[in-house]
Structure formats: C-alpha cells, structure tokens
$ cat my_file.cif   # mmCIF, C-alpha atoms
data_input
#
loop_
_atom_site.label_atom_id
_atom_site.label_comp_id
_atom_site.auth_asym_id
_atom_site.auth_seq_id
_atom_site.Cartn_x
_atom_site.Cartn_y
_atom_site.Cartn_z
CA MET T 673 159.48 166.86 126.66
CA ALA T 674 158.45 163.71 124.79
CA ARG T 675 156.42 164.17 121.63
CA ASN T 676 153.61 161.84 120.75
CA ASN T 677 151.93 161.14 117.44
CA HIS T 678 148.83 163.15 118.37
CA SER T 679 150.79 166.33 119.12
CA ILE T 680 152.91 165.87 115.99
CA GLY T 681 149.74 165.44 113.92
CA ASN T 682 148.21 168.59 115.40
CA ALA T 683 151.37 170.58 114.77
CA SER T 684 151.43 169.35 111.17
CA GLU T 685 147.85 170.45 110.61
CA PHE T 686 148.66 173.93 111.91
CA TYR T 687 151.78 174.13 109.72
CA MET T 688 149.53 173.27 106.79
CA ILE T 689 146.89 175.84 107.80
CA ASP T 690 149.64 178.47 107.95
CA GLN T 691 150.80 177.61 104.43
CA LEU T 692 147.25 177.73 103.06
CA ALA T 693 146.61 181.10 104.75
CA GLN T 694 149.82 182.49 103.25
CA HIS T 695 148.47 181.47 99.83
CA GLY T 696 145.25 183.40 100.52
CA TYR T 697 142.89 180.53 101.36
CA ILE T 698 140.36 180.40 104.19
CA THR T 699 140.86 177.32 106.36
CA GLY T 700 139.18 175.43 109.13
CA LYS T 701 140.45 172.50 111.19
CA THR T 702 138.08 169.57 111.72
CA ASP T 703 137.68 167.44 114.84
CA ASP T 704 140.67 165.21 115.37
CA SER T 705 140.52 161.70 113.91
CA GLN T 706 136.83 161.81 113.00
CA THR T 707 137.13 161.46 109.22
CA LEU T 708 139.66 161.46 106.42
CA ILE T 709 139.47 165.26 106.55
CA ASP T 710 141.82 167.25 108.79
CA VAL T 711 141.40 170.68 107.18
CA ILE T 712 138.84 172.28 104.90
CA ALA T 713 140.17 175.08 102.70
CA THR T 714 138.19 177.54 100.60
CA ASP T 715 139.28 179.86 97.81
CA PRO T 716 137.71 183.22 98.78
CA GLU T 717 137.34 184.31 95.13
CA THR T 718 135.53 181.23 93.79
CA LEU T 719 134.20 179.75 97.07
CA LYS T 720 135.47 176.38 95.87
CA SER T 721 136.36 174.20 98.85
CA ILE T 722 138.67 171.24 99.15
CA ASN T 723 139.24 168.67 101.87
CA ILE T 724 142.75 167.93 103.04
CA GLN T 725 144.25 165.11 105.03
CA ALA T 726 147.66 165.68 106.59
CA LYS T 727 150.13 162.81 106.96
CA THR T 728 153.46 163.33 108.71
CA ARG T 729 156.75 161.50 108.97
CA ASN T 730 159.86 162.29 110.98
CA VAL T 731 162.44 160.21 109.15
CA VAL T 732 163.46 160.61 105.52
CA GLY T 733 163.33 157.28 103.71
CA GLU T 734 160.29 155.95 105.52
CA GLY T 735 156.83 155.80 104.02
CA TRP T 736 153.86 157.79 105.23
CA ILE T 737 151.57 155.68 107.42
CA MET T 738 148.03 155.39 106.12
CA SER T 739 145.20 152.89 106.35
CA ALA T 740 142.66 151.06 104.21
CA LYS T 741 140.37 154.11 104.25
CA ASN T 742 143.02 155.95 102.19
CA GLU T 743 142.56 153.45 99.37
CA ARG T 744 139.42 155.25 98.18
CA ALA T 745 139.76 158.38 96.05
CA PHE T 746 137.47 161.38 96.38
CA GLU T 747 137.20 164.25 93.92
CA GLY T 748 137.77 166.99 96.49
CA LEU T 749 140.30 165.20 98.71
CA TRP T 750 143.98 166.11 98.79
CA ASN T 751 146.71 164.58 100.90
CA VAL T 752 149.45 166.84 102.19
CA LEU T 753 152.45 164.80 103.19
CA LEU T 754 154.71 166.57 105.63
CA GLN T 755 158.35 165.75 106.22
CA LEU T 756 159.41 167.20 109.56
CA ASN T 757 162.84 168.82 109.58
CA GLY T 758 163.46 169.37 113.28
CA THR T 759 162.16 172.12 115.53
CA ASP T 760 164.01 175.01 113.86
CA ALA T 761 162.85 174.54 110.26
CA LEU T 762 159.57 174.33 108.43
CA PRO T 763 158.54 170.90 107.18
CA ASN T 764 158.59 169.97 103.53
CA PHE T 765 155.08 169.84 102.04
CA TYR T 766 154.15 167.38 99.28
CA LEU T 767 150.66 167.63 97.78
CA PHE T 768 148.97 164.63 96.21
CA HIS T 769 145.39 164.27 95.05
CA SER T 770 143.76 161.19 96.57
CA SER T 771 143.35 159.70 93.07
CA LEU T 772 147.15 159.53 92.76
CA ILE T 773 147.76 157.94 96.16
CA CYS T 774 145.01 155.30 96.06
CA PRO T 775 146.33 153.04 93.28
CA CYS T 776 149.89 153.16 94.66
CA LEU T 777 148.69 152.44 98.17
CA HIS T 778 146.55 149.53 97.00
CA ASP T 779 149.31 148.00 94.87
CA ASP T 780 152.03 148.41 97.51
CA HIS T 781 149.86 146.95 100.26
CA HIS T 782 148.76 143.94 98.24
CA THR T 783 152.35 143.31 97.11
CA TRP T 784 153.42 143.37 100.78
CA LEU T 785 150.60 140.96 101.70
CA ALA T 786 151.77 138.52 99.00
CA LEU T 787 155.27 138.33 100.47
CA PRO T 788 155.71 135.51 102.98
CA LYS T 789 156.89 136.29 106.48
CA ARG T 790 160.42 135.24 107.51
CA ASN T 791 159.03 131.96 108.80
CA GLY T 792 157.37 131.29 105.42
CA LYS T 793 153.83 131.76 106.72
CA PRO T 794 151.46 134.13 104.93
CA ARG T 795 151.07 137.65 106.26
CA LYS T 796 147.94 138.76 108.05
CA ASP T 797 146.29 141.90 106.77
CA SER T 798 147.19 144.98 108.76
CA HIS T 799 145.32 148.18 109.42
CA ILE T 800 148.57 150.05 108.85
CA TRP T 801 149.43 150.77 105.24
CA GLN T 802 152.24 152.92 103.91
CA PHE T 803 152.60 155.23 100.95
CA TRP T 804 156.09 155.19 99.41
CA PRO T 805 156.32 157.87 96.68
CA SER T 806 159.44 157.96 94.58
CA GLU T 807 161.91 160.85 94.85
CA ASP T 808 160.65 162.04 91.45
CA GLN T 809 157.02 162.00 92.63
CA LEU T 810 158.00 163.91 95.77
CA GLU T 811 159.90 166.54 93.83
CA LYS T 812 156.94 167.08 91.46
CA ALA T 813 154.55 167.39 94.42
CA ARG T 814 156.73 169.64 96.61
CA ASP T 815 154.98 172.89 97.59
CA ARG T 816 152.40 172.49 94.80
CA TRP T 817 149.66 174.41 96.63
CA ASP T 818 148.63 175.77 93.22
CA LEU T 819 147.28 172.34 92.23
CA THR T 820 144.75 172.14 95.04
CA PHE T 821 142.25 174.58 93.54
CA SER T 822 142.99 173.88 89.89
CA ASP T 823 141.29 171.26 87.77
CA SER T 824 144.54 169.29 87.72
CA THR T 825 145.43 166.46 90.08
CA GLY T 826 149.13 166.88 89.37
CA ALA T 827 149.41 163.62 87.43
#

$ encode --input "my_file.cif" --output "structure tokens"
Amino acid sequence: MARNNHSIGNASEFYMIDQLAQHGYITGKTDDSQTLIDVIATDPETLKSINIQAKTRNVVGEGWIMSAKNERAFEGLWNVLLQLNGTDALPNFYLFHSSLICPCLHDDHHTWLALPKRNGKPRKDSHIWQFWPSEDQLEKARDRWDLTFSDSTGA
C-alpha cells in the first residue's frame, strides 16, 4: 500500500501523542493542517499547556520541510522533528523550541535565495523551506521531552 504525506503526518502525530502520554501528559490532536499546532499537551500537575507541531522526514540526511509560517517564534510552541525508521521501529524524536528553529530557518532560506540557479538567474521565493539542524543539535534535542514543560528552550 502506498503511503502519502498526509497519512505519514497523522502517524507521526500519534507517535508523538504516545510518547507524551508515556511521560504523563494529557494530549489532544488538533484539526489537520489548520494552524501551526498539531497537538496540545498539558501537564496534569501544573495545568501548563504547550503547543506542538510535528515535522517528519523519511530519509536521514535530508532537512525537515517547513514553510514561512515557521519563521515566527511563539513562547509556547515546540517543534517535534520525527525521523522515521521503517515500520518495525519507533521514530527518533528531536524537540526544538520554535525560538531555536526560527533564526536557523530564516538564515538558511535567505542564503538559499541568494544563490543563483544553475542558469545564473536569481531564485524565486518558495513556500517550501527546510530546517537543517547539525548532528550536534540533533543529539542535544533527542528525546528531550523534559524540556517542553520546563522554563528552558534547550539552547
């Protein structure tokens, strides 16, 4: 059966909900593709809530596809980047506060725009942006569910 991006995105959100539930958080999935928010999670002890956007990739070495709307940081917004590892293994989860992704996304996109195309003509702006964290950034963000309800952004 062929997989499409919508079904992969839904599966990723449910993987994420499972991880949050295992860490004791209350979760709710939002309507698909309506906002930056895919999941809302609440700490049952403090009633603090956070908003989470899931981004998924299938291939190691590629960036995570985002858009211009991801260039804006929000205090309560976290991005969970999922690296799928086939059908028989859980994905890898990398947690980044939106304030850490936004400057990188902005800089990378504008650097890409400044590069000429192969034919020497300037590039046209695209609605598809990519986030390319370093291996060090990924390792520091891996499975850091503890950061989401702390006062730290993981910087």

$ resolve_selection --input "my_file.cif" --expression "the PyMOL selection byres ((chain T and resi 743-745) around 10)" --output "JSON, numbers by chain"
{"T": [738, 739, 740, 741, 742, 746, 747, 748, 749, 750, 769, 770, 771, 772, 773, 774, 775, 776, 777, 778, 779, 781, 801]}

$ resolve_selection --input "my_file.cif" --expression "the PyMOL selection byres ((chain T and resi 685) around 10)" --output "NGL selection string"
:T and (679-684 or 686-691 or 701-702 or 710-711 or 724-728 or 752 or 754)

$ closest_residue --input "my_file.cif" --among "T:Gln802, T:Leu819, T:Leu767, T:Gly792" --to "Asp780 (chain T)" --atoms "only C-alpha atoms"
T:Gln802

$ atom_distance --input "my_file.cif" --atom1 "CA of Phe768 (chain T)" --atom2 "CA of Arg795 (chain T)"
28.9 Å

$ atom_distance --input "my_file.cif" --atom1 "CA of Asn791 (chain T)" --atom2 "CA of Gly735 (chain T)"
24.4 Å

$ atom_distance --input "my_file.cif" --atom1 "CA of Leu708 (chain T)" --atom2 "CA of Asn751 (chain T)"
9.5 Å

$ resolve_selection --input "my_file.cif" --expression "the PyMOL selection byres ((chain T and resi 807) around 12)" --output "list in words"
Val732, Gly733, Glu734, Gly735, Tyr766, Trp804, Pro805, Ser806, Asp808, Gln809, Leu810, Glu811, Lys812, Ala813 and Arg814 of chain T

$ closest_residue --input "my_file.cif" --among "T:Asp715, T:Lys789, T:Ile722, T:Ile709" --to "Gly696 (chain T)" --atoms "only C-alpha atoms"
T:Asp715

$ closest_residue --input "my_file.cif" --among "T:Ile698, T:Val731, T:Leu785, T:Leu753" --to "Leu719 (chain T)" --atoms "all atoms listed in the file"
T:Ile698

$ closest_residue --input "my_file.cif" --among "T:Ala713, T:Ala786, T:Asn723, T:Thr707" --to "Ala693 (chain T)" --atoms "all atoms listed in the file"
T:Ala713

$ axis_aligned_box --input "my_file.cif" --around "region 718-722 of chain T" --padding-each-side "8 Å" --output "AutoDock Vina command-line options"
--center_x 136.4 --center_y 176.2 --center_z 96.5 --size_x 20.5 --size_y 26.0 --size_z 21.4

$ decode --input "my_file.cif" --residues "region 804-822 of chain T" --atoms "N, CA, C and O atoms" --output "mmCIF file, in the first residue's frame"
data_model
loop_
_atom_site.group_PDB
_atom_site.id
_atom_site.type_symbol
_atom_site.label_atom_id
_atom_site.label_comp_id
_atom_site.auth_asym_id
_atom_site.auth_seq_id
_atom_site.Cartn_x
_atom_site.Cartn_y
_atom_site.Cartn_z
ATOM 1 N N TRP T 804 17.669 22.418 8.663
ATOM 2 C CA TRP T 804 18.809 21.506 8.599
ATOM 3 C C TRP T 804 19.621 21.582 9.894
ATOM 4 O O TRP T 804 20.681 22.198 9.928
ATOM 5 N N PRO T 805 19.172 20.966 10.976
ATOM 6 C CA PRO T 805 19.981 21.002 12.205
ATOM 7 C C PRO T 805 21.249 20.171 12.042
ATOM 8 O O PRO T 805 21.279 19.207 11.276
ATOM 9 N N SER T 806 22.264 20.576 12.774
ATOM 10 C CA SER T 806 23.511 19.816 12.749
ATOM 11 C C SER T 806 23.342 18.518 13.544
ATOM 12 O O SER T 806 22.393 18.373 14.326
ATOM 13 N N GLU T 807 24.268 17.596 13.357
ATOM 14 C CA GLU T 807 24.234 16.341 14.124
ATOM 15 C C GLU T 807 24.322 16.627 15.624
ATOM 16 O O GLU T 807 23.670 15.963 16.425
ATOM 17 N N ASP T 808 25.112 17.632 15.997
ATOM 18 C CA ASP T 808 25.234 18.011 17.402
ATOM 19 C C ASP T 808 23.904 18.547 17.939
ATOM 20 O O ASP T 808 23.488 18.182 19.042
ATOM 21 N N GLN T 809 23.236 19.397 17.166
ATOM 22 C CA GLN T 809 21.934 19.922 17.585
ATOM 23 C C GLN T 809 20.923 18.787 17.734
ATOM 24 O O GLN T 809 20.154 18.764 18.693
ATOM 25 N N LEU T 810 20.937 17.842 16.799
ATOM 26 C CA LEU T 810 20.015 16.715 16.878
ATOM 27 C C LEU T 810 20.273 15.879 18.121
ATOM 28 O O LEU T 810 19.335 15.487 18.822
ATOM 29 N N GLU T 811 21.531 15.610 18.386
ATOM 30 C CA GLU T 811 21.853 14.778 19.550
ATOM 31 C C GLU T 811 21.413 15.454 20.848
ATOM 32 O O GLU T 811 20.893 14.794 21.751
ATOM 33 N N LYS T 812 21.597 16.763 20.946
ATOM 34 C CA LYS T 812 21.181 17.504 22.148
ATOM 35 C C LYS T 812 19.660 17.556 22.297
ATOM 36 O O LYS T 812 19.157 17.689 23.403
ATOM 37 N N ALA T 813 18.940 17.459 21.179
ATOM 38 C CA ALA T 813 17.480 17.575 21.198
ATOM 39 C C ALA T 813 16.770 16.213 21.252
ATOM 40 O O ALA T 813 15.565 16.154 21.466
ATOM 41 N N ARG T 814 17.533 15.134 21.100
ATOM 42 C CA ARG T 814 16.923 13.798 21.013
ATOM 43 C C ARG T 814 16.232 13.402 22.318
ATOM 44 O O ARG T 814 16.847 13.412 23.393
ATOM 45 N N ASP T 815 14.945 13.082 22.186
ATOM 46 C CA ASP T 815 14.124 12.598 23.304
ATOM 47 C C ASP T 815 14.113 13.546 24.503
ATOM 48 O O ASP T 815 13.972 13.103 25.644
ATOM 49 N N ARG T 816 14.228 14.836 24.270
ATOM 50 C CA ARG T 816 14.256 15.816 25.363
ATOM 51 C C ARG T 816 12.851 16.306 25.717
ATOM 52 O O ARG T 816 12.556 17.490 25.742
ATOM 53 N N TRP T 817 11.961 15.357 26.004
ATOM 54 C CA TRP T 817 10.593 15.684 26.398
ATOM 55 C C TRP T 817 10.581 16.518 27.674
ATOM 56 O O TRP T 817 9.665 17.300 27.905
ATOM 57 N N ASP T 818 11.622 16.369 28.493
ATOM 58 C CA ASP T 818 11.709 17.114 29.753
ATOM 59 C C ASP T 818 11.782 18.621 29.533
ATOM 60 O O ASP T 818 11.376 19.402 30.392
ATOM 61 N N LEU T 819 12.280 19.055 28.383
ATOM 62 C CA LEU T 819 12.405 20.485 28.112
ATOM 63 C C LEU T 819 11.058 21.154 27.871
ATOM 64 O O LEU T 819 10.901 22.346 28.122
ATOM 65 N N THR T 820 10.100 20.409 27.373
ATOM 66 C CA THR T 820 8.859 21.022 26.915
ATOM 67 C C THR T 820 8.080 21.745 28.010
ATOM 68 O O THR T 820 7.447 22.756 27.726
ATOM 69 N N PHE T 821 8.119 21.271 29.215
ATOM 70 C CA PHE T 821 7.383 21.930 30.302
ATOM 71 C C PHE T 821 8.297 22.642 31.296
ATOM 72 O O PHE T 821 7.852 23.092 32.320
ATOM 73 N N SER T 822 9.573 22.736 30.953
ATOM 74 C CA SER T 822 10.490 23.493 31.796
ATOM 75 C C SER T 822 10.539 24.928 31.294
ATOM 76 O O SER T 822 9.935 25.269 30.286
#
